[in-house]
Number of protein chains: 8
Amino acid sequence: MAYTIYLSGEIHSDWREQIKQGIFDAQLDIEVLSPITDHDSSDNVGVEILGAEENNFWKDHKAAKINALRTESYIGRADIVVVRFGDKYRQWNAAFDAGMAHGLGIPVIVMHDEELTHPLKEVDAAAYAVTETPQQVVEILKYISQA
Amino acid sequence: MAYTIYLSGEIHSDWREQIKQGIFDAQLDIEVLSPITDHDSSDNVGVEILGAEENNFWKDHKAAKINALRTESYIGRADIVVVRFGDKYRQWNAAFDAGMAHGLGIPVIVMHDEELTHPLKEVDAAAYAVTETPQQVVEILKYISQA
Amino acid sequence: MAYTIYLSGEIHSDWREQIKQGIFDAQLDIEVLSPITDHDSSDNVGVEILGAEENNFWKDHKAAKINALRTESYIGRADIVVVRFGDKYRQWNAAFDAGMAHGLGIPVIVMHDEELTHPLKEVDAAAYAVTETPQQVVEILKYISQA
Amino acid sequence: MAYTIYLSGEIHSDWREQIKQGIFDAQLDIEVLSPITDHDSSDNVGVEILGAEENNFWKDHKAAKINALRTESYIGRADIVVVRFGDKYRQWNAAFDAGMAHGLGIPVIVMHDEELTHPLKEVDAAAYAVTETPQQVVEILKYISQA
Amino acid sequence: MAYTIYLSGEIHSDWREQIKQGIFDAQLDIEVLSPITDHDSSDNVGVEILGAEENNFWKDHKAAKINALRTESYIGRADIVVVRFGDKYRQWNAAFDAGMAHGLGIPVIVMHDEELTHPLKEVDAAAYAVTETPQQVVEILKYISQA
Amino acid sequence: MAYTIYLSGEIHSDWREQIKQGIFDAQLDIEVLSPITDHDSSDNVGVEILGAEENNFWKDHKAAKINALRTESYIGRADIVVVRFGDKYRQWNAAFDAGMAHGLGIPVIVMHDEELTHPLKEVDAAAYAVTETPQQVVEILKYISQA
Amino acid sequence: MAYTIYLSGEIHSDWREQIKQGIFDAQLDIEVLSPITDHDSSDNVGVEILGAEENNFWKDHKAAKINALRTESYIGRADIVVVRFGDKYRQWNAAFDAGMAHGLGIPVIVMHDEELTHPLKEVDAAAYAVTETPQQVVEILKYISQA
Amino acid sequence: MAYTIYLSGEIHSDWREQIKQGIFDAQLDIEVLSPITDHDSSDNVGVEILGAEENNFWKDHKAAKINALRTESYIGRADIVVVRFGDKYRQWNAAFDAGMAHGLGIPVIVMHDEELTHPLKEVDAAAYAVTETPQQVVEILKYISQA
């Protein structure tokens, strides 16, 4: 009866750890998948493995494609994609992941502060739950994991 | 040999009109689909048709769901989705549309200024072309429409 | 830019005609598909064409399968499925159609009186709009059909 | 050679327990998935986790969406969906689940009393077996599970 | 509101012509697709176009693959596949076509004499209607084509 | 690196046992799925579990649908479907299974005597291998199972 | 009853024109789609529209992605993909197109000289016809286009 | 968090062993699938199991179809397909595999020397990473396998 969930979005707070801890504490049978959350490593992986680029566009391109190998594999095997939008940065990749999950027919749980409601309305409208805290996500996971 | 394209994203400049004019001038056999680009109308359609809401979350929700009836139908029938990111607003719906197209296997052309390259790297990496101007999009459409 | 819509559900009021009239009045480019709405004809078609049955179960079975040839073809080609629940009868076929559309990834608009909100909550939750009147459906269709 | 089955529908009798017992007694290699069958919990989960709503429509909406996270995941991974219609309540969610399974190409076994034959004819017509008792479902499972 | 139907199976009676005549007489908006029904032409097309074969297996192989270009294209675009089993020959290709349609989720109408009921039970079980005459097929098409 | 194979078709010779023995002897990591091969049980299962029918058509119908629960589940999870045509009976269900596998994009291995080449040409043309003996099937499985 | 075909592969002989002429002469109802066959234009389109690149890899990359907008759209809407391998160049794009069509379930006709049989065996094995001349392709199209 | 990868292409160097060794050394949780890489065995398997052919075309055909049973099963279950092009032979099967993976929506990593950049531009353009050495592939796998 296990679920596989993918945790997409913000990488500058510990929301993923809080969800994992909540899953561990409640002994839920849930596999948690995440992107690479080390910012520098994620930005530089393309040129580090595949060779330097003078143009930053191609540096970013090569890194983003390698990260997509992980991201798209994990989203594709998830039962639920949880997407967190923080209060900083544009986080277009989070919205992109949410759209991809929606296009693949995989349900999305969104997490963000109330003040982002209006700019995120299209993402929220596609979501199965709009949360504000990791605790709410854990409560949902506990609820849907009952025997 | 016609194409159907969907123009997603920024609604505060005339980039859609420039693309349409370019298609018209070049007499390309291309059907152009767009979202509702009237900002107020798009924000209020939910409560205007389906009844008032005290909570803005639900006001936005009802509007976004009605807009999605059009957006998702149009993206689903497009051969190519063109997504423009402007220099203002967060435009998460644009990234969401790009992700949805990618999830559905529909190729994406992105349009944005060079300064957005880094935050848009995941979206760009999934794109078949990264452009900066409507003229470049028209040139691509002219190229792929040759007899 | 046309849409194809399928009108599922209640057959004992004139809601389909009201929607068709609204589409006609607003000159919308929308194709409207419907099931056979003649109750007797729909109930008896199986035995009338394929031969009598002693057991009513098989009489119903043969009729329902022939009706499904139309229903499933039409739902499969619809951009939007509108499902109306009236105040009489159990209308399980309406909920079945809504579920089928959802399973196929086709968006649903639901129409029913407010008093049915609780028993229809699962259907409503999957819908892109929950309406009470044919006029609201027409307003939505007008909105999403703007040039 | 295991099967995964999902038991949808009526929550006011012990039919699920009878099927599980029959599977256990016959030592069948079958995984059984079910929705949350605690009525109050299922009705209130939305507001309890995600915050109160003044309007019952949104209370129901939030609950139904959270329940759908479980329901749709489980239906999507089932080899067979068993749907029981009881003699009380409208049970539109049961018909909705049957439709969703049909739309996804997952075979359905229906269970209901003979007197519901006519109103359920469309659901029955799509079913691979129309049963009246949990014992019949168990017999089918035993039959298709033979070495 | 048109349908596209594909007429598979027996090629030694005029059942296709009877169905086409019935569609024409009733002025139904139905496109009728058929395989090549000239037996010799169908058997020899491989070697005639692609060169002689000493081994009949490969002569048949080349012919069957060319015929499949038509058959599979037509089945794939059909709303309904009608499959007739005559009283002669083994007609495995008819059952193969019925299975392919079923695998693709396209509804099947079967036509055969009552005496073939037992050996065709698996095909019949997957069908939306089991008929004995072209007239019954025409009646079904007239019924589902009503405005 | 395991494969799952489904053995469809003839039930009056021991070809399935020969293939299973060959797989066992060669210690191949292959899961073998089969239909119910007890002829009487398979014919009567519908009326035995779901109640008697006066009309043999419905007796057959109920049995075939229950058997399809197993057959379609197993074909859907197979990597390869092996279909044997014997020298007796019409075996339309074997051709139906082959067509279904083809429609689902699952490769087929056919097994039959040379004298059936012409009537089976459409099935053979869709096959990845046309064999005459269980030993040949085992040899293929051994070949594709090499480390 | 029309077909849409896509002509992939060699761009240094007039085989496409011969097929088009044959279709025209026989008045076949067939839409013919092709890639851009001007070699220089196809190689340079990326840098000409999207800006210069110092590194030839990215020059090629940008060109190939723009060409893929056309190629993948056209392959996706084709009923049949015809792929010609000439006697010069490596033509990996032709084999790539054939593989893509096969992955999408679209039947392929291959055209090449006999001497290429061995290196092309995997492509040929997936094809519905292996031809050597445009005339053979036209003959096949005439055959499958008969009324 | 495991991945399954398929290693397609060149069979005359030890690149597969280098990747396997790198995966083993780094203790990555990755399943590695490969085609049969014994050239003679792969060429002759058709006639050896299924009987001799006078015409080499059919000898190749029978062998390629049996190999496709393995190749297509493995590609279909892979998360990532790695395709290596060596400096000898035409290797159309490698490009065909890359195209098939792309058509199925499975990401591709390409490996080849820089001098092949131009003729492989279409394949490279569809790839998530273009590498030159097995070590680079291993580095990518290590990167995307981090906890």
# chains A, B, ... in the order shown; residues from 1 in each chain; ligands from 1
call {"tool": "residues_around", "arguments": {"residues": "Glu48 of chain B", "least_positions_apart": "6", "cutoff": "10 Å", "atoms": "only C-alpha atoms", "output": "short mmCIF file (atom, residue, chain, number, x, y, z; two decimals) with C-alpha atoms, in the first residue's frame"}}
result
data_model
loop_
_atom_site.label_atom_id
_atom_site.label_comp_id
_atom_site.auth_asym_id
_atom_site.auth_seq_id
_atom_site.Cartn_x
_atom_site.Cartn_y
_atom_site.Cartn_z
CA SER B 41 -11.79 39.46 -16.92
CA LYS B 59 -12.29 33.39 -6.04
CA LYS B 62 -12.92 29.27 -9.59
CA ALA B 63 -11.40 31.66 -12.12
CA GLN C 136 -23.94 29.46 -16.30
CA GLU C 139 -21.58 31.93 -19.88
#
call {"tool": "residues_around", "arguments": {"residues": "Met111 of chain F", "least_positions_apart": "5", "cutoff": "9 Å", "atoms": "only C-alpha atoms", "output": "mmCIF file with N, CA, C and O atoms, in the first residue's frame"}}
result
data_model
loop_
_atom_site.group_PDB
_atom_site.id
_atom_site.type_symbol
_atom_site.label_atom_id
_atom_site.label_comp_id
_atom_site.auth_asym_id
_atom_site.auth_seq_id
_atom_site.Cartn_x
_atom_site.Cartn_y
_atom_site.Cartn_z
ATOM 1 N N VAL F 82 3.064 -15.688 -26.140
ATOM 2 C CA VAL F 82 3.257 -16.839 -27.036
ATOM 3 C C VAL F 82 1.878 -17.411 -27.344
ATOM 4 O O VAL F 82 1.111 -17.711 -26.433
ATOM 5 N N VAL F 83 1.558 -17.559 -28.629
ATOM 6 C CA VAL F 83 0.230 -18.037 -29.020
ATOM 7 C C VAL F 83 0.370 -19.294 -29.867
ATOM 8 O O VAL F 83 0.999 -19.284 -30.923
ATOM 9 N N ARG F 84 -0.217 -20.384 -29.395
ATOM 10 C CA ARG F 84 -0.157 -21.651 -30.143
ATOM 11 C C ARG F 84 -1.516 -21.961 -30.785
ATOM 12 O O ARG F 84 -2.553 -21.928 -30.125
ATOM 13 N N PHE F 85 -1.451 -22.270 -32.075
ATOM 14 C CA PHE F 85 -2.628 -22.744 -32.796
ATOM 15 C C PHE F 85 -2.447 -24.224 -33.062
ATOM 16 O O PHE F 85 -1.476 -24.646 -33.689
ATOM 17 N N GLY F 86 -3.377 -25.052 -32.556
ATOM 18 C CA GLY F 86 -3.328 -26.488 -32.787
ATOM 19 C C GLY F 86 -3.988 -26.841 -34.114
ATOM 20 O O GLY F 86 -4.387 -25.975 -34.885
ATOM 21 N N ALA F 129 8.410 -13.924 -33.990
ATOM 22 C CA ALA F 129 8.976 -15.223 -34.360
ATOM 23 C C ALA F 129 7.816 -16.165 -34.633
ATOM 24 O O ALA F 129 6.826 -16.159 -33.909
ATOM 25 N N VAL F 130 7.960 -16.984 -35.680
ATOM 26 C CA VAL F 130 6.964 -18.006 -36.007
ATOM 27 C C VAL F 130 7.630 -19.352 -35.802
ATOM 28 O O VAL F 130 8.553 -19.712 -36.531
ATOM 29 N N THR F 131 7.149 -20.072 -34.789
ATOM 30 C CA THR F 131 7.783 -21.340 -34.416
ATOM 31 C C THR F 131 6.840 -22.497 -34.700
ATOM 32 O O THR F 131 5.652 -22.299 -34.981
ATOM 33 N N GLU F 132 7.398 -23.704 -34.624
ATOM 34 C CA GLU F 132 6.557 -24.899 -34.792
ATOM 35 C C GLU F 132 6.530 -25.753 -33.535
ATOM 36 O O GLU F 132 5.621 -26.562 -33.361
ATOM 37 N N THR F 133 7.532 -25.604 -32.677
ATOM 38 C CA THR F 133 7.635 -26.495 -31.514
ATOM 39 C C THR F 133 7.935 -25.712 -30.235
ATOM 40 O O THR F 133 8.527 -24.625 -30.277
ATOM 41 N N PRO F 134 7.540 -26.298 -29.099
ATOM 42 C CA PRO F 134 7.880 -25.682 -27.808
ATOM 43 C C PRO F 134 9.389 -25.539 -27.632
ATOM 44 O O PRO F 134 9.853 -24.578 -27.004
ATOM 45 N N VAL F 137 10.570 -22.301 -28.964
ATOM 46 C CA VAL F 137 10.249 -21.194 -28.057
ATOM 47 C C VAL F 137 11.253 -21.147 -26.904
ATOM 48 O O VAL F 137 11.756 -20.091 -26.542
#
call {"tool": "closest_atom_pairs", "arguments": {"of": "chain C", "to": "chain B", "cutoff": "12 Å", "atoms": "only C-alpha atoms", "output": "tab-separated table"}}
result
residue	atom	partner	partner_atom	distance
C:Met1	CA	B:Leu33	CA	7.2
C:Ala2	CA	B:Tyr74	CA	10.0
C:Tyr3	CA	B:Ser73	CA	8.4
C:Thr4	CA	B:Ser73	CA	10.2
C:Ile5	CA	B:Ser73	CA	11.5
C:Arg77	CA	B:Ser73	CA	11.8
C:Ala78	CA	B:Ser73	CA	10.0
C:Asp79	CA	B:Ser73	CA	6.4
C:Ile80	CA	B:Leu69	CA	7.7
C:Val81	CA	B:Leu69	CA	10.7
C:Val82	CA	B:Leu69	CA	11.8
C:Gly105	CA	B:Glu72	CA	10.3
C:Ile106	CA	B:Ser73	CA	8.8
C:Pro107	CA	B:Leu69	CA	6.9
C:Val108	CA	B:Leu69	CA	8.8
C:Ile109	CA	B:Leu69	CA	9.3
C:Val110	CA	B:Leu50	CA	11.8
C:Met111	CA	B:Leu50	CA	11.1
C:Ala125	CA	B:Lys65	CA	11.4
C:Ala126	CA	B:Lys65	CA	10.7
C:Ala127	CA	B:Lys65	CA	8.6
C:Tyr128	CA	B:Lys65	CA	5.1
C:Ala129	CA	B:Ile66	CA	6.5
C:Val130	CA	B:Leu50	CA	7.7
C:Thr131	CA	B:Leu50	CA	6.5
C:Glu132	CA	B:Leu50	CA	8.4
C:Thr133	CA	B:Leu50	CA	9.7
C:Pro134	CA	B:Ile49	CA	11.4
C:Gln135	CA	B:Ile49	CA	9.0
C:Gln136	CA	B:Ile49	CA	6.0
C:Val137	CA	B:Ile49	CA	8.7
C:Val138	CA	B:Ile49	CA	9.7
C:Glu139	CA	B:Ile49	CA	6.6
C:Ile140	CA	B:Ile66	CA	7.2
C:Leu141	CA	B:Arg70	CA	9.3
C:Lys142	CA	B:Ile49	CA	10.8
C:Tyr143	CA	B:Val45	CA	8.0
C:Ile144	CA	B:Arg70	CA	5.6
C:Ser145	CA	B:Arg70	CA	8.0
C:Gln146	CA	B:Ile36	CA	7.4
C:Ala147	CA	B:Ile36	CA	8.3
call {"tool": "select_by_dssp", "arguments": {"residues": "segment 10-95 of chain D", "states": "strand (DSSP E)", "output": "ChimeraX atom specification"}}
result
/D:30-33,80-84
call {"tool": "closest_residue", "arguments": {"among": "C:Pro119, C:Glu17, C:Leu7, C:Asn55", "to": "Lys88 of chain D", "atoms": "only C-alpha atoms"}}
result
C:Pro119
call {"tool": "select_by_dssp", "arguments": {"residues": "segment 76-109 of chain H", "states": "helix (DSSP H, G or I)", "output": "JSON, numbers by chain"}}
result
{"H": [76, 77, 92, 93, 94, 95, 96, 97, 98, 99, 100, 101, 102, 103, 104]}
call {"tool": "atom_distance", "arguments": {"atom1": "atom CA of Ala95 of chain H", "atom2": "atom CA of Leu120 of chain H"}}
result
8.7 Å
call {"tool": "residues_around", "arguments": {"residues": "Glu54 of chain G", "least_positions_apart": "3", "cutoff": "12 Å", "atoms": "only C-alpha atoms", "output": "PyMOL selection string"}}
result
(chain A and resi 53-55+58) or (chain G and resi 47+51+57-60)
call {"tool": "atom_distance", "arguments": {"atom1": "atom CA of Trp15 of chain C", "atom2": "atom CA of Thr117 of chain C"}}
result
19.0 Å
